[in-house]
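Working notes, beginning with the structure itself.
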Amino acid sequence: MTLFDTNLDKHNPTAEHLWNEVQNSIHFRELFDAVIDAMLLVDSSGQIMLANPAAQHLLGYTHDELRSLDVEQLMPARFRENHRHYRKQFLAEPRQRLMGSTCELAILNRHGEEVAVNISLSPIAIKEQAAKAIYILVTFIALDRRRQAENALRESEERLWLIKQAAGAGIFDIDCANGRIYCDERMRELWWNEADEIMTLGKFFSTVHLSDRAKCQKLFEEALNPEMEGKCRTAFRIINGSEHSERWIATLSQTQFDNGSAKRIVGIARDITERKLLEQTLQQQRNETELLFNKQVAILTAAAIAHELNSPLTAISAYSEVAQRALSVTPVDCDKAKEALSGCFDQAQLAGHKLYELIGFLQGREIETEKLNINRIVEDALLQARSDGYSEFHIILNLEPNIPPIKANKIHIQRILVNLIRNAVEAMRAANVVDSEITIAVKTLASEKMAVVTIEDNGPGIDQKVISQIFDPFFTTKPTGFGMGLSISRALIEANGGQLWIDPVYQDGAQFHFTLPLA
Amino acid sequence: MSNSSDFTVFIIDDDDAVRHSLCLMIEQEGFNVQTFENAENFLKNYPCQSNGCIILDLNMPGMDGLQLQEALNNKEDTLPIVFLTGYGTIPQSVKAIKAGAVDFLTKPITREKLLTCIRSAVEECKKLLHADQQMRTAKSLLSKLTEREKEVLILVVEGYSNKEIAAQLQISHRTVEVHRSKIMQKTGANHLLELKQIAQESNQCRLSS
């Protein structure tokens with residue numbers, strides 16, 4: 001191995017001459033060993049002939065050990081087959097090339113660990129006893145994966161930090177095995193925790209507002225269930241007992257499962273108190289606007305009725321007094337009395353007719369009905385009530401599956417349901433009911449071709465003294481109420497061919513029922 | 001009733017039955033009644049009569065009660081107005097009263113309230129007639145004065161002394177005294193206060209015009 005030539009195709013005499021000069025001054029082996037990249041000299045069968053110290057260091061083998069190895073033994077199994085194929089191709093047309101320029105290559109070190117590298121191949125022709133043999137110089141350029149990984153990690157941590165700062169989010173990490181919760185600084189701040197305080201699941205649930213606790217515990221159970229996705233997004237209130245303060249928290253978490261059981265739950269928590277307060281204010285404003293609007297509608301309706309009835313009433317009143325006078329004078333003025341009484345009769349008839357016409361106009365003639373799934377309407381009404389700011393109750397739904405369709409006006413029925421739910425929530429709020437609960441049951445009375453919907457709450461119920469008045473227009477027990485809700489609801493249910501009533505003997509709250517005809 | 005026989009009540013209301021029933025009721029009290037179904041019709045057809053009153057519906061299609069009141073005020077018509085309304089609002093009634101309405105009644109009305117209003121309208125008319133009479137008397141009294149005497153009267157009523165009047169009109173003090181005594185003689189006024197009242201009744205001293 002005293003001579004080699006990198007230009008096989010053109011046997012350049014000048015280069016050969018030059019090389020002779022070089023090899024006279026520097027021994028090839030010294031040069032080979034001095035290179036800082038790991039290099040192997042491999043013969044055409046793949047046998048390792050030489051390995052420089054950098055290669056010995058990279059691969060963890062001694063020179064002699066490497067010499068006994070085939071180059072393919074350094075390849076991870078998944079590359080071996082392809083490698084043989086490529087080696088044949090390379091030998092058929094040997095030229096300098098870089099392997100793995102498009103994909104990531106790796107070699108195995110002494111411990112069987114993969115080391116990521118780029119590999120370049122250079123064919124070398126060496127004269128051996130007048131015959132020319134081809135050797136391949138393999139150079140490994142090790143990729144500094146660790147530094148790359150560290151950089152990536154640092155960048156991602158910086159990004160995460162920025163996101164956390166911007167969102168004001170705290171991070172928690174629940175160890176499902178022992179119920180401990182690791183909290184970052186912001187998380188402890190959100191929960192009013194001291195720096196050295198150890199957070200546990202028990203403590204966590206004890207801070208959750210009583211009205212939200214059951215919901216949180218249920219979601220936690222679901223997050224632990226390996227059959228679910230493990231993704232959980234929720235919002236709840238937490239209470240600081242010593243400061244009597246309350247905070248709205250939104251969390252987003254993901255459960256990590258290991259062998260079919262939950263290992264840890266990692267997530268972020270954010271303070272959304274301000275947003276919630278804003279939402280509540282907006283909702284309150286919307287409700288007030290609606291109340292004002294309803295009042296205006298009622299006033300205008302009353303004014304329209306008054307306008308229609310006032311003239312006939314004025315005439316009737318005047319005719320009556322005319323008749324009275326005509327009958328009290330001497331001699332009795334019979335003709336005038338008859339004329340006046342006839343006027344009275346006509347005007348009373350006219351008033352009735354006008355009223356009938358007006359009601360017909362206000363009701364907008366026939367109501368439009370369609371086939372409806374009452375279960376779906378109950379669900380929609382619940383959503384509506386919750387988005388209207390009446391959401392703090394626990395709901396129990398006893399729906400009848402495969403219920404036949406009803407025939408009714410969708411908007412009317414939804415409005416009635418929302419109104420009943422709102423009444424229930426307001427009553428429970430006013431009585432400070434902690435574990436407020438609303439049960440809605442739907443069933444069919446096949447014999448009467450009717451569906452029955454029952455709504456009950458666990459509030460204070462309705463005072464027996466006023467129970468007979470609650471469907472009267474303008475009757476209300478609420479300080480800001482207008483007293484039209486139930487009377488309108490009853491009118492609408494009746495217009496849809498059903499009935500609305502309250503169970504007067506129900507003891508555990510208020511219980512309303514309404515029926516609607518099946519289609 | 002003899003005192004109301006020459007007094008006419010004009011009823012203006014768009015509702016036939018209201019007009020008819022009120023007409024019967026007011027006729028029972030011995031008043032003359034004329035009914036009109038809208039304000040425009042009334043303006044076109046009502047007789048120029050100062051002894052009467054108007055029962056006026058506030059809310060009518062077309063010209064409403066307040067507009068009619070304004071039109072009558074512009075014509076310097078002095079007929080007292082009693083307003084009737086279905087749903088009387090305070091601003092409307094205030095406006096109507098300020099513009100000279102006698103009263104404001106909410107439908108349905110009672111005979112008693114309506115007659116109280118009509119009676120006060122009758123009184124109002126009497127007062128207006130009396131004032132009108134006085135004005136006419138005063139005017140006829142003053143018409144006897146010469147132009148110079150009228151000039152002196154204006155200054156006397158405004159409170160100038162004889163001396164000041166003499167200086168202003170560039171006549172002698174004595175001549176002013178002669179004019180003054182002639183004025184008192186012609187108007188029959190006994191003293192300065194009576195003279196002032198006559199001048200006022202004859203329409204606020206617009207004598208020179």
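Chains: A, B, ... in order of the structure tokens. Residues: from 1 per chain. Ligands: from 1, in order shown.
Set the cut-off at 6 Å, count only C-alpha atoms, and the residues of chain B near chain A turn out to be Ala17, Val18, Ser21, Met25, Lys107 and Pro108 of chain B.
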Selected residues written out with N, CA, C and O atoms, as a PDB file, in the first residue's frame:
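Result written to part_22.pdb:
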ATOM      1  N   ALA B  17    -120.713  56.214  17.630  1.00  0.00           N
ATOM      2  CA  ALA B  17    -121.478  55.917  18.839  1.00  0.00           C
ATOM      3  C   ALA B  17    -121.156  56.893  19.949  1.00  0.00           C
ATOM      4  O   ALA B  17    -122.040  57.301  20.711  1.00  0.00           O
ATOM      5  N   VAL B  18    -119.865  57.267  20.038  1.00  0.00           N
ATOM      6  CA  VAL B  18    -119.492  58.237  21.073  1.00  0.00           C
ATOM      7  C   VAL B  18    -120.206  59.557  20.793  1.00  0.00           C
ATOM      8  O   VAL B  18    -120.792  60.158  21.710  1.00  0.00           O
ATOM      9  N   SER B  21    -124.064  59.086  21.559  1.00  0.00           N
ATOM     10  CA  SER B  21    -124.432  58.941  22.973  1.00  0.00           C
ATOM     11  C   SER B  21    -124.202  60.247  23.730  1.00  0.00           C
ATOM     12  O   SER B  21    -125.021  60.649  24.573  1.00  0.00           O
ATOM     13  N   MET B  25    -126.920  62.691  25.639  1.00  0.00           N
ATOM     14  CA  MET B  25    -126.698  63.056  27.036  1.00  0.00           C
ATOM     15  C   MET B  25    -126.742  64.580  27.222  1.00  0.00           C
ATOM     16  O   MET B  25    -127.406  65.090  28.131  1.00  0.00           O
ATOM     17  N   LYS B 107    -111.711  59.066  28.742  1.00  0.00           N
ATOM     18  CA  LYS B 107    -112.831  58.177  28.406  1.00  0.00           C
ATOM     19  C   LYS B 107    -112.717  56.891  29.209  1.00  0.00           C
ATOM     20  O   LYS B 107    -111.610  56.421  29.411  1.00  0.00           O
ATOM     21  N   PRO B 108    -113.770  56.201  29.583  1.00  0.00           N
ATOM     22  CA  PRO B 108    -115.142  56.690  29.441  1.00  0.00           C
ATOM     23  C   PRO B 108    -115.446  57.787  30.475  1.00  0.00           C
ATOM     24  O   PRO B 108    -114.958  57.693  31.593  1.00  0.00           O
TER      25      PRO B 108
END
Exercise for review: Could you give me, as a VMD selection string, each residue of segment 9-164 of chain B that DSSP assigns to alpha helix (DSSP H) when run on this structure's backbone?
Suggested key: chain B and resid 16 to 28 39 to 45 65 to 74 90 to 98 111 to 142 147 to 157 162 to 164
**Study point:** Spatial neighbours of Asn74 of chain B, max dist 12 Å, only C-alpha atoms, sep filter under 6 positions, as a list in words
**Key:** Gln67, Leu68 and Ala99 of chain B
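For the pair atom CA of Pro460 of chain A and atom CA of Ala430 of chain A, the interatomic distance is 9.1 Å.
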Exercise for review: Write out as a PyMOL selection string all residues of segment 17-260 of chain A that backbone DSSP assigns to strand (DSSP E or B).
Suggested key: chain A and resi 38-43+47-51+70+97-99+105-108+114-128+131-142+170-175+180-183+199-200+208+231-240+245-258
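The closest residue to Ser489 of chain A, picked from A:Val452, A:Ile467, A:Leu417, A:Ile374 and counting only C-alpha atoms, is A:Leu417.
Across the structure, atom CA of Leu162 of chain A and atom CA of Arg247 of chain A are spaced 23.5 Å apart.
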